[in-house]
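Source file: protein.tsv (TSV, C-alpha atoms)
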chain	number	residue	atom	x	y	z
A	1	MET	CA	4.26	-9.70	-14.45
A	2	THR	CA	1.09	-11.51	-15.39
A	3	HIS	CA	-1.16	-9.07	-17.21
A	4	HIS	CA	-4.32	-9.14	-15.12
A	5	PRO	CA	-7.39	-7.26	-16.32
A	6	ALA	CA	-7.21	-3.94	-14.47
A	7	PRO	CA	-10.42	-3.69	-12.47
A	8	THR	CA	-12.41	-0.63	-11.55
A	9	TRP	CA	-14.60	-0.57	-8.46
A	10	THR	CA	-17.43	1.92	-8.07
A	11	VAL	CA	-17.73	3.42	-4.59
A	12	GLY	CA	-20.72	5.74	-4.59
A	13	SER	CA	-19.94	8.08	-7.47
A	14	VAL	CA	-16.18	7.37	-7.42
A	15	ALA	CA	-14.40	4.95	-9.77
A	16	VAL	CA	-11.36	3.34	-8.12
A	17	HIS	CA	-8.73	1.90	-10.48
A	18	ARG	CA	-6.07	-0.67	-9.58
A	19	VAL	CA	-2.78	0.18	-11.34
A	20	ASP	CA	-0.51	-2.89	-11.43
A	21	GLU	CA	3.26	-2.89	-11.04
A	22	ILE	CA	4.52	-6.46	-10.38
A	23	ASP	CA	3.48	-9.80	-8.96
A	24	PHE	CA	5.69	-10.79	-6.05
A	25	PRO	CA	7.67	-14.02	-6.51
A	26	PRO	CA	6.46	-17.10	-4.60
A	27	GLU	CA	9.09	-16.82	-1.87
A	28	THR	CA	7.88	-13.38	-0.81
A	29	GLY	CA	4.95	-14.63	1.23
A	30	ALA	CA	7.00	-16.99	3.37
A	31	TRP	CA	9.49	-14.20	4.09
A	32	LEU	CA	6.93	-11.49	4.78
A	33	LEU	CA	4.46	-13.57	6.82
A	34	PRO	CA	6.55	-16.38	8.34
A	35	ASP	CA	3.70	-17.59	10.59
A	36	ALA	CA	1.48	-18.19	7.56
A	37	THR	CA	2.72	-21.75	7.20
A	38	ALA	CA	1.64	-24.04	4.38
A	39	ASP	CA	-0.60	-25.92	6.83
A	40	THR	CA	-2.22	-22.68	7.98
A	41	VAL	CA	-2.83	-21.53	4.41
A	42	THR	CA	-4.14	-24.85	3.07
A	43	GLY	CA	-6.34	-25.07	6.17
A	44	THR	CA	-8.02	-21.85	4.99
A	45	PRO	CA	-9.57	-23.19	1.77
A	46	TRP	CA	-11.16	-19.94	0.55
A	47	LEU	CA	-7.66	-18.50	-0.07
A	48	ALA	CA	-7.20	-20.77	-3.12
A	49	PRO	CA	-6.88	-20.29	-5.99
A	50	ASP	CA	-6.73	-16.47	-6.02
A	51	PHE	CA	-4.67	-15.68	-2.93
A	52	ALA	CA	-2.67	-18.91	-2.55
A	53	ASP	CA	-1.90	-22.00	-4.57
A	54	ALA	CA	-2.81	-25.58	-3.72
A	55	ASP	CA	0.49	-26.05	-1.85
A	56	GLY	CA	-0.15	-23.11	0.48
A	57	VAL	CA	2.17	-20.63	-1.25
A	58	LEU	CA	0.84	-17.10	-0.84
A	59	ARG	CA	0.21	-14.83	-3.81
A	60	ALA	CA	0.76	-11.07	-3.50
A	61	SER	CA	1.49	-8.09	-5.69
A	62	SER	CA	2.46	-4.43	-5.86
A	63	HIS	CA	-0.07	-1.94	-7.18
A	64	SER	CA	-1.53	1.53	-6.63
A	65	PHE	CA	-5.09	2.79	-6.45
A	66	ALA	CA	-6.17	5.83	-8.47
A	67	PHE	CA	-9.43	7.78	-8.25
A	68	THR	CA	-10.90	11.28	-8.46
A	69	VAL	CA	-12.59	12.90	-5.45
A	70	ASP	CA	-13.91	16.45	-5.28
A	71	GLY	CA	-12.20	17.23	-8.57
A	72	ARG	CA	-8.78	16.04	-7.32
A	73	ARG	CA	-6.98	13.21	-9.09
A	74	ILE	CA	-5.48	11.01	-6.38
A	75	LEU	CA	-2.99	8.14	-6.26
A	76	VAL	CA	-2.55	5.95	-3.16
A	77	ASP	CA	0.99	4.55	-2.84
A	78	THR	CA	3.46	4.38	-5.69
A	79	GLY	CA	4.99	0.90	-5.61
A	80	ILE	CA	8.66	0.04	-6.04
A	81	GLY	CA	9.67	2.15	-9.04
A	82	ASN	CA	12.01	1.60	-11.96
A	83	GLY	CA	15.77	1.58	-11.74
A	84	LYS	CA	15.90	1.63	-7.94
A	85	GLN	CA	18.75	-0.19	-6.19
A	86	ARG	CA	17.05	-2.37	-3.60
A	87	ALA	CA	18.21	-5.09	-1.19
A	88	LEU	CA	15.45	-7.51	-2.21
A	89	PRO	CA	16.37	-9.03	-5.59
A	90	ALA	CA	12.73	-9.09	-6.72
A	91	TRP	CA	12.53	-5.30	-6.25
A	92	ASN	CA	15.96	-4.39	-7.56
A	93	ASP	CA	16.41	-2.36	-10.77
A	94	LEU	CA	12.91	-2.92	-12.10
A	95	ASP	CA	11.88	-1.94	-15.61
A	96	THR	CA	8.07	-2.08	-15.77
A	97	ASP	CA	5.36	-0.32	-17.76
A	98	TYR	CA	3.69	1.06	-14.62
A	99	LEU	CA	3.43	4.61	-15.95
A	100	ASP	CA	1.83	3.35	-19.15
A	101	ARG	CA	-0.73	1.47	-17.06
A	102	LEU	CA	-1.38	4.56	-14.97
A	103	THR	CA	-1.90	6.62	-18.12
A	104	ALA	CA	-4.16	3.96	-19.62
A	105	ALA	CA	-6.31	4.17	-16.48
A	106	GLY	CA	-6.76	7.87	-17.23
A	107	PHE	CA	-4.14	9.26	-14.85
A	108	PRO	CA	-1.08	10.45	-16.80
A	109	PRO	CA	1.61	11.56	-14.33
A	110	GLU	CA	1.24	15.28	-14.98
A	111	SER	CA	-2.51	15.06	-14.23
A	112	VAL	CA	-2.16	13.72	-10.66
A	113	ASP	CA	-3.04	16.26	-7.97
A	114	LEU	CA	-2.34	14.29	-4.79
A	115	VAL	CA	-0.17	11.28	-3.92
A	116	ILE	CA	-1.10	9.68	-0.58
A	117	LEU	CA	1.70	7.62	0.95
A	118	THR	CA	0.26	5.23	3.53
A	119	HIS	CA	3.76	4.86	4.99
A	120	LEU	CA	7.38	5.28	3.95
A	121	HIS	CA	8.55	1.83	2.89
A	122	ALA	CA	10.37	1.03	-0.34
A	123	ASP	CA	7.42	-0.74	-1.99
A	124	HIS	CA	5.09	2.21	-1.38
A	125	VAL	CA	7.18	5.22	-2.44
A	126	GLY	CA	9.23	4.07	-5.43
A	127	TRP	CA	7.35	5.83	-8.23
A	128	ASN	CA	7.48	9.08	-6.27
A	129	THR	CA	10.49	9.77	-8.49
A	130	ARG	CA	11.92	8.84	-11.86
A	131	LEU	CA	15.43	9.12	-13.26
A	132	ASP	CA	16.00	12.16	-15.47
A	133	GLY	CA	19.50	12.97	-16.70
A	134	GLY	CA	21.14	11.12	-13.84
A	135	SER	CA	18.96	12.75	-11.13
A	136	TRP	CA	15.85	11.54	-9.34
A	137	VAL	CA	13.01	13.97	-10.00
A	138	PRO	CA	9.34	13.91	-8.91
A	139	THR	CA	7.29	11.70	-11.23
A	140	PHE	CA	4.15	13.71	-10.49
A	141	PRO	CA	5.37	17.30	-10.85
A	142	ASN	CA	1.97	18.94	-10.34
A	143	ALA	CA	1.00	16.88	-7.29
A	144	ARG	CA	1.31	17.37	-3.58
A	145	TYR	CA	2.68	14.28	-1.85
A	146	LEU	CA	1.23	13.48	1.57
A	147	THR	CA	2.45	11.37	4.47
A	148	THR	CA	1.92	11.82	8.20
A	149	ARG	CA	4.02	13.92	10.52
A	150	THR	CA	4.33	10.90	12.83
A	151	GLU	CA	5.75	8.81	9.99
A	152	TRP	CA	8.21	11.51	8.88
A	153	ASP	CA	9.40	12.21	12.41
A	154	HIS	CA	9.96	8.52	13.12
A	155	TRP	CA	12.24	7.92	10.16
A	156	ALA	CA	13.99	11.27	10.60
A	157	THR	CA	15.32	10.12	13.97
A	158	ALA	CA	15.63	6.34	13.42
A	159	GLU	CA	18.98	4.69	12.87
A	160	LEU	CA	18.69	3.48	9.28
A	161	GLU	CA	20.51	0.69	7.50
A	162	GLU	CA	22.08	1.66	4.18
A	163	SER	CA	19.32	0.14	2.05
A	164	ARG	CA	16.72	2.30	3.76
A	165	ARG	CA	18.90	5.39	3.51
A	166	GLN	CA	19.16	4.69	-0.22
A	167	MET	CA	15.37	4.52	-0.50
A	168	PHE	CA	15.01	7.90	1.18
A	169	ARG	CA	17.73	9.38	-1.04
A	170	ASP	CA	16.15	8.31	-4.31
A	171	SER	CA	12.42	8.26	-3.56
A	172	VAL	CA	11.55	10.56	-0.64
A	173	HIS	CA	14.13	13.33	-0.23
A	174	PRO	CA	13.87	14.55	-3.84
A	175	VAL	CA	10.14	15.15	-3.32
A	176	HIS	CA	10.78	16.93	-0.02
A	177	GLU	CA	13.56	19.03	-1.52
A	178	ALA	CA	11.23	20.02	-4.38
A	179	GLY	CA	8.81	21.43	-1.81
A	180	LEU	CA	6.08	18.95	-2.73
A	181	LEU	CA	5.82	16.91	0.49
A	182	ASP	CA	3.12	17.70	3.04
A	183	PHE	CA	2.41	16.19	6.46
A	184	ALA	CA	-0.94	15.23	7.99
A	185	ASP	CA	-1.38	15.27	11.75
A	186	ILE	CA	-3.14	12.05	12.79
A	187	THR	CA	-2.41	12.25	16.51
A	188	GLU	CA	-6.01	13.20	17.27
A	189	GLY	CA	-7.59	10.61	14.97
A	190	PRO	CA	-8.90	10.46	11.39
A	191	VAL	CA	-8.15	13.35	9.04
A	192	ALA	CA	-10.59	14.45	6.32
A	193	LEU	CA	-8.85	15.42	3.08
A	194	ALA	CA	-12.03	16.08	1.09
A	195	PRO	CA	-15.71	15.16	1.35
A	196	GLY	CA	-15.74	11.38	1.41
A	197	LEU	CA	-11.98	10.94	1.77
A	198	ARG	CA	-10.27	10.32	5.12
A	199	LEU	CA	-6.96	9.09	6.46
A	200	LEU	CA	-7.40	6.62	9.32
A	201	PRO	CA	-4.53	6.05	11.77
A	202	ALA	CA	-3.28	2.48	11.27
A	203	PRO	CA	-0.10	2.25	13.39
A	204	GLY	CA	1.92	-0.85	14.20
A	205	HIS	CA	3.51	-1.76	10.89
A	206	THR	CA	5.06	1.70	11.12
A	207	PRO	CA	4.27	4.37	13.71
A	208	GLY	CA	2.56	6.77	11.31
A	209	GLN	CA	0.91	4.43	8.83
A	210	VAL	CA	-2.60	5.27	7.63
A	211	ALA	CA	-5.39	3.43	5.88
A	212	VAL	CA	-7.48	5.37	3.38
A	213	GLU	CA	-11.26	5.51	3.69
A	214	LEU	CA	-13.21	6.48	0.60
A	215	GLY	CA	-16.90	7.30	0.36
A	216	ASP	CA	-19.61	7.88	2.93
A	217	GLY	CA	-23.07	6.69	3.80
A	218	ASP	CA	-23.92	3.33	2.29
A	219	ALA	CA	-20.89	3.05	-0.03
A	220	THR	CA	-17.40	3.03	1.43
A	221	ALA	CA	-14.04	1.48	0.61
A	222	LEU	CA	-11.02	0.96	2.82
A	223	ILE	CA	-7.51	0.81	1.35
A	224	THR	CA	-5.45	-1.19	3.83
A	225	GLY	CA	-1.89	0.01	3.45
A	226	ASP	CA	0.17	-2.65	5.21
A	227	ALA	CA	-2.18	-3.00	8.17
A	228	VAL	CA	-3.29	-6.09	6.23
A	229	HIS	CA	-0.70	-7.52	3.84
A	230	HIS	CA	-2.59	-10.59	2.71
A	231	PRO	CA	-6.10	-12.09	3.04
A	232	VAL	CA	-4.71	-14.91	5.21
A	233	GLN	CA	-4.63	-12.25	7.94
A	234	LEU	CA	-8.42	-11.99	7.79
A	235	ALA	CA	-8.75	-15.62	8.80
A	236	HIS	CA	-5.77	-15.38	11.17
A	237	PRO	CA	-5.50	-11.75	12.33
A	238	GLU	CA	-2.80	-12.68	14.82
A	239	ILE	CA	-0.34	-13.26	11.95
A	240	ASN	CA	2.08	-10.36	11.65
A	241	SER	CA	4.55	-9.23	9.05
A	242	CYS	CA	8.23	-9.78	9.79
A	243	VAL	CA	8.79	-6.03	9.36
A	244	ASP	CA	6.07	-4.76	11.71
A	245	ILE	CA	7.74	-2.30	14.08
A	246	ASP	CA	5.21	-2.84	16.90
A	247	PRO	CA	3.69	-6.32	16.50
A	248	GLY	CA	1.14	-5.98	19.30
A	249	LEU	CA	-0.14	-2.66	17.99
A	250	ALA	CA	-0.21	-4.03	14.44
A	251	ARG	CA	-2.53	-6.84	15.58
A	252	ARG	CA	-4.85	-4.44	17.40
A	253	THR	CA	-4.97	-2.12	14.40
A	254	ARG	CA	-5.71	-4.98	12.01
A	255	ARG	CA	-8.54	-6.34	14.16
A	256	ALA	CA	-10.08	-2.88	14.52
A	257	LEU	CA	-9.92	-2.14	10.78
A	258	LEU	CA	-11.34	-5.52	9.79
A	259	GLY	CA	-14.05	-5.35	12.42
A	260	THR	CA	-15.11	-1.91	11.21
A	261	ALA	CA	-15.09	-3.04	7.59
A	262	ALA	CA	-17.26	-6.04	8.46
A	263	ASP	CA	-19.69	-3.93	10.48
A	264	THR	CA	-20.07	-1.25	7.80
A	265	GLY	CA	-19.99	-3.46	4.71
A	266	ALA	CA	-17.02	-1.51	3.35
A	267	LEU	CA	-15.19	-2.74	0.28
A	268	LEU	CA	-11.72	-3.82	1.43
A	269	LEU	CA	-8.99	-3.01	-1.11
A	270	GLY	CA	-5.72	-4.71	-0.21
A	271	THR	CA	-2.59	-2.79	-1.07
A	272	HIS	CA	-0.80	-6.10	-1.71
A	273	PHE	CA	-3.76	-8.42	-2.35
A	274	ALA	CA	-3.42	-10.44	-5.54
A	275	PRO	CA	-6.34	-10.23	-7.98
A	276	PRO	CA	-9.27	-9.95	-7.44
A	277	THR	CA	-7.83	-7.62	-4.75
A	278	GLY	CA	-11.13	-6.30	-3.37
A	279	GLY	CA	-14.03	-7.77	-1.44
A	280	ARG	CA	-16.31	-7.55	1.57
A	281	VAL	CA	-15.15	-8.61	5.02
A	282	VAL	CA	-17.38	-11.44	6.26
A	283	PRO	CA	-17.19	-12.82	9.81
A	284	GLU	CA	-16.09	-16.46	9.95
A	285	GLY	CA	-15.02	-18.36	13.04
A	286	GLU	CA	-12.62	-16.33	15.17
A	287	GLY	CA	-11.79	-14.07	12.24
A	288	TRP	CA	-13.11	-13.14	8.84
A	289	ARG	CA	-12.96	-14.10	5.17
A	290	LEU	CA	-12.99	-12.03	2.01
A	291	GLY	CA	-16.31	-12.29	0.24
A	292	ALA	CA	-17.59	-10.99	-3.09
Structure re-expressed in structure tokens:
Amino acid sequence: MTHHPAPTWTVGSVAVHRVDEIDFPPETGAWLLPDATADTVTGTPWLAPDFADADGVLRASSHSFAFTVDGRRILVDTGIGNGKQRALPAWNDLDTDYLDRLTAAGFPPESVDLVILTHLHADHVGWNTRLDGGSWVPTFPNARYLTTRTEWDHWATAELEESRRQMFRDSVHPVHEAGLLDFADITEGPVALAPGLRLLPAPGHTPGQVAVELGDGDATALITGDAVHHPVQLAHPEINSCVDIDPGLARRTRRALLGTAADTGALLLGTHFAPPTGGRVVPEGEGWRLGA
């Protein structure tokens, strides 16, 4: 991938690091957000040059966020992973220096205390495990891994295609079998994990997806998960991903999250936003834009 300078955002007293994995190839945007046509994108001029090119081709990437809260070293989402057999060619059998980047950010794998999984899709759970002697073992052996009970229960009973079964076999089940996977109950609303760290229900893309809220008072950040895949969805919040399980709910969730971020001045950190990745949500027209 392009080696972008790895930024750090300061949220109150917390330093939030972006840990890069890969840039998505140009065709990804058209597949993932089919309603984000070239005309729609070029008609939203603030997207260029960072989030789209001059021809309206979307830019996106895979990365994690790492930070320390209340003495706990935390990673949000773990990307695609190395050596994983995946249906999408751009994600198949990767060989990246992600763990080196994580270590360079000050978070060597053995130091991580908590891995928050916003939802259980292949590009969010891949570095949960690494290959060791022919077996998939937890990459973060001293960490607890956390998803929601709603998310776990959904996939446990869903009829899965083989590619998704493979993802669970190599990236989720080994963590569960090692006794490292915990479940948060979000049925009653946000869940506080530590002072200044909350999981916010963000259903629609998947039934149990969460966004992650960091900070309190005057300084907050909101990590989107896949409630917002790309900044084009700020300007056009009606645009859904092709893999949203409940499109109507996904739209309502996205509007609520973006409206809250705009009202509170929260720093929005997009789980797939290309660099510069973070910004403030500013009302514009019938939607919003990403400001500095």
>> Nearest residue to Ala256 in chain A out of A:Ala202, A:Ala235, A:Leu131, A:Ala292, using all atoms listed in the file?
In response: A:Ala202
> With distances taken over all atoms listed in the file, which of A:Gln233, A:Ser111, A:Thr118, A:Thr148 is nearest to Ile74 in chain A?
Replying inline: A:Ser111
>> as number ranges by chain, please: the residues near range 273-288 of chain A (cut-off 7 Å, all atoms listed in the file, same-chain neighbours under 5 positions excluded).
In response: A: 50-51, 59-61, 229-231, 234-237, 258, 261-262, 265-268
> Of the residues A:Arg198, A:His173, A:Arg18, A:His205, which is the one nearest to Tyr98 in chain A, using only C-alpha atoms?
Replying inline: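 Using only C-alpha atoms, the shortest distance to Tyr98 in chain A belongs to A:Arg18.
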> Out of A:Pro247, A:Gly79, A:Pro34, A:Pro207, which residue has the shortest atom-to-atom distance to Asn128 in chain A when counting all atoms listed in the file?
Replying inline: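 Closest to Asn128 in chain A, using all atoms listed in the file: A:Gly79.
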Since the input has fewer atoms than a full residue there, write range 163-180 of chain A out with N, CA and C atoms, as a PDB file, in the coordinates of the input.
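Everything below was put into result-v6.pdb:
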ATOM      1  N   SER A 163      20.352   0.331   3.070  1.00  0.00           N
ATOM      2  CA  SER A 163      19.320   0.140   2.050  1.00  0.00           C
ATOM      3  C   SER A 163      18.154   1.092   2.252  1.00  0.00           C
ATOM      4  N   ARG A 164      17.810   1.368   3.509  1.00  0.00           N
ATOM      5  CA  ARG A 164      16.720   2.300   3.760  1.00  0.00           C
ATOM      6  C   ARG A 164      17.152   3.735   3.506  1.00  0.00           C
ATOM      7  N   ARG A 165      18.396   4.042   3.833  1.00  0.00           N
ATOM      8  CA  ARG A 165      18.900   5.390   3.510  1.00  0.00           C
ATOM      9  C   ARG A 165      18.861   5.621   2.003  1.00  0.00           C
ATOM     10  N   GLN A 166      19.199   4.573   1.238  1.00  0.00           N
ATOM     11  CA  GLN A 166      19.160   4.690  -0.220  1.00  0.00           C
ATOM     12  C   GLN A 166      17.750   4.978  -0.699  1.00  0.00           C
ATOM     13  N   MET A 167      16.765   4.301  -0.114  1.00  0.00           N
ATOM     14  CA  MET A 167      15.370   4.520  -0.500  1.00  0.00           C
ATOM     15  C   MET A 167      14.958   5.966  -0.238  1.00  0.00           C
ATOM     16  N   PHE A 168      15.341   6.501   0.902  1.00  0.00           N
ATOM     17  CA  PHE A 168      15.010   7.900   1.180  1.00  0.00           C
ATOM     18  C   PHE A 168      15.724   8.839   0.214  1.00  0.00           C
ATOM     19  N   ARG A 169      16.976   8.521  -0.123  1.00  0.00           N
ATOM     20  CA  ARG A 169      17.730   9.380  -1.040  1.00  0.00           C
ATOM     21  C   ARG A 169      17.094   9.444  -2.420  1.00  0.00           C
ATOM     22  N   ASP A 170      16.619   8.290  -2.929  1.00  0.00           N
ATOM     23  CA  ASP A 170      16.150   8.310  -4.310  1.00  0.00           C
ATOM     24  C   ASP A 170      14.643   8.503  -4.454  1.00  0.00           C
ATOM     25  N   SER A 171      13.871   8.272  -3.386  1.00  0.00           N
ATOM     26  CA  SER A 171      12.420   8.260  -3.560  1.00  0.00           C
ATOM     27  C   SER A 171      11.646   9.190  -2.627  1.00  0.00           C
ATOM     28  N   VAL A 172      12.259   9.687  -1.586  1.00  0.00           N
ATOM     29  CA  VAL A 172      11.550  10.560  -0.640  1.00  0.00           C
ATOM     30  C   VAL A 172      12.173  11.946  -0.579  1.00  0.00           C
ATOM     31  N   HIS A 173      13.485  12.018  -0.362  1.00  0.00           N
ATOM     32  CA  HIS A 173      14.130  13.330  -0.230  1.00  0.00           C
ATOM     33  C   HIS A 173      13.983  14.206  -1.465  1.00  0.00           C
ATOM     34  N   PRO A 174      14.051  13.659  -2.695  1.00  0.00           N
ATOM     35  CA  PRO A 174      13.870  14.550  -3.840  1.00  0.00           C
ATOM     36  C   PRO A 174      12.497  15.237  -3.869  1.00  0.00           C
ATOM     37  N   VAL A 175      11.468  14.552  -3.383  1.00  0.00           N
ATOM     38  CA  VAL A 175      10.140  15.150  -3.320  1.00  0.00           C
ATOM     39  C   VAL A 175      10.099  16.243  -2.247  1.00  0.00           C
ATOM     40  N   HIS A 176      10.721  15.950  -1.107  1.00  0.00           N
ATOM     41  CA  HIS A 176      10.780  16.930  -0.020  1.00  0.00           C
ATOM     42  C   HIS A 176      11.576  18.152  -0.450  1.00  0.00           C
ATOM     43  N   GLU A 177      12.712  17.913  -1.097  1.00  0.00           N
ATOM     44  CA  GLU A 177      13.560  19.030  -1.520  1.00  0.00           C
ATOM     45  C   GLU A 177      12.898  19.876  -2.602  1.00  0.00           C
ATOM     46  N   ALA A 178      11.979  19.273  -3.364  1.00  0.00           N
ATOM     47  CA  ALA A 178      11.230  20.020  -4.380  1.00  0.00           C
ATOM     48  C   ALA A 178      10.075  20.813  -3.780  1.00  0.00           C
ATOM     49  N   GLY A 179       9.877  20.689  -2.474  1.00  0.00           N
ATOM     50  CA  GLY A 179       8.810  21.430  -1.810  1.00  0.00           C
ATOM     51  C   GLY A 179       7.428  20.845  -2.030  1.00  0.00           C
ATOM     52  N   LEU A 180       7.361  19.557  -2.385  1.00  0.00           N
ATOM     53  CA  LEU A 180       6.080  18.950  -2.730  1.00  0.00           C
ATOM     54  C   LEU A 180       5.515  18.042  -1.639  1.00  0.00           C
TER      55      LEU A 180
END
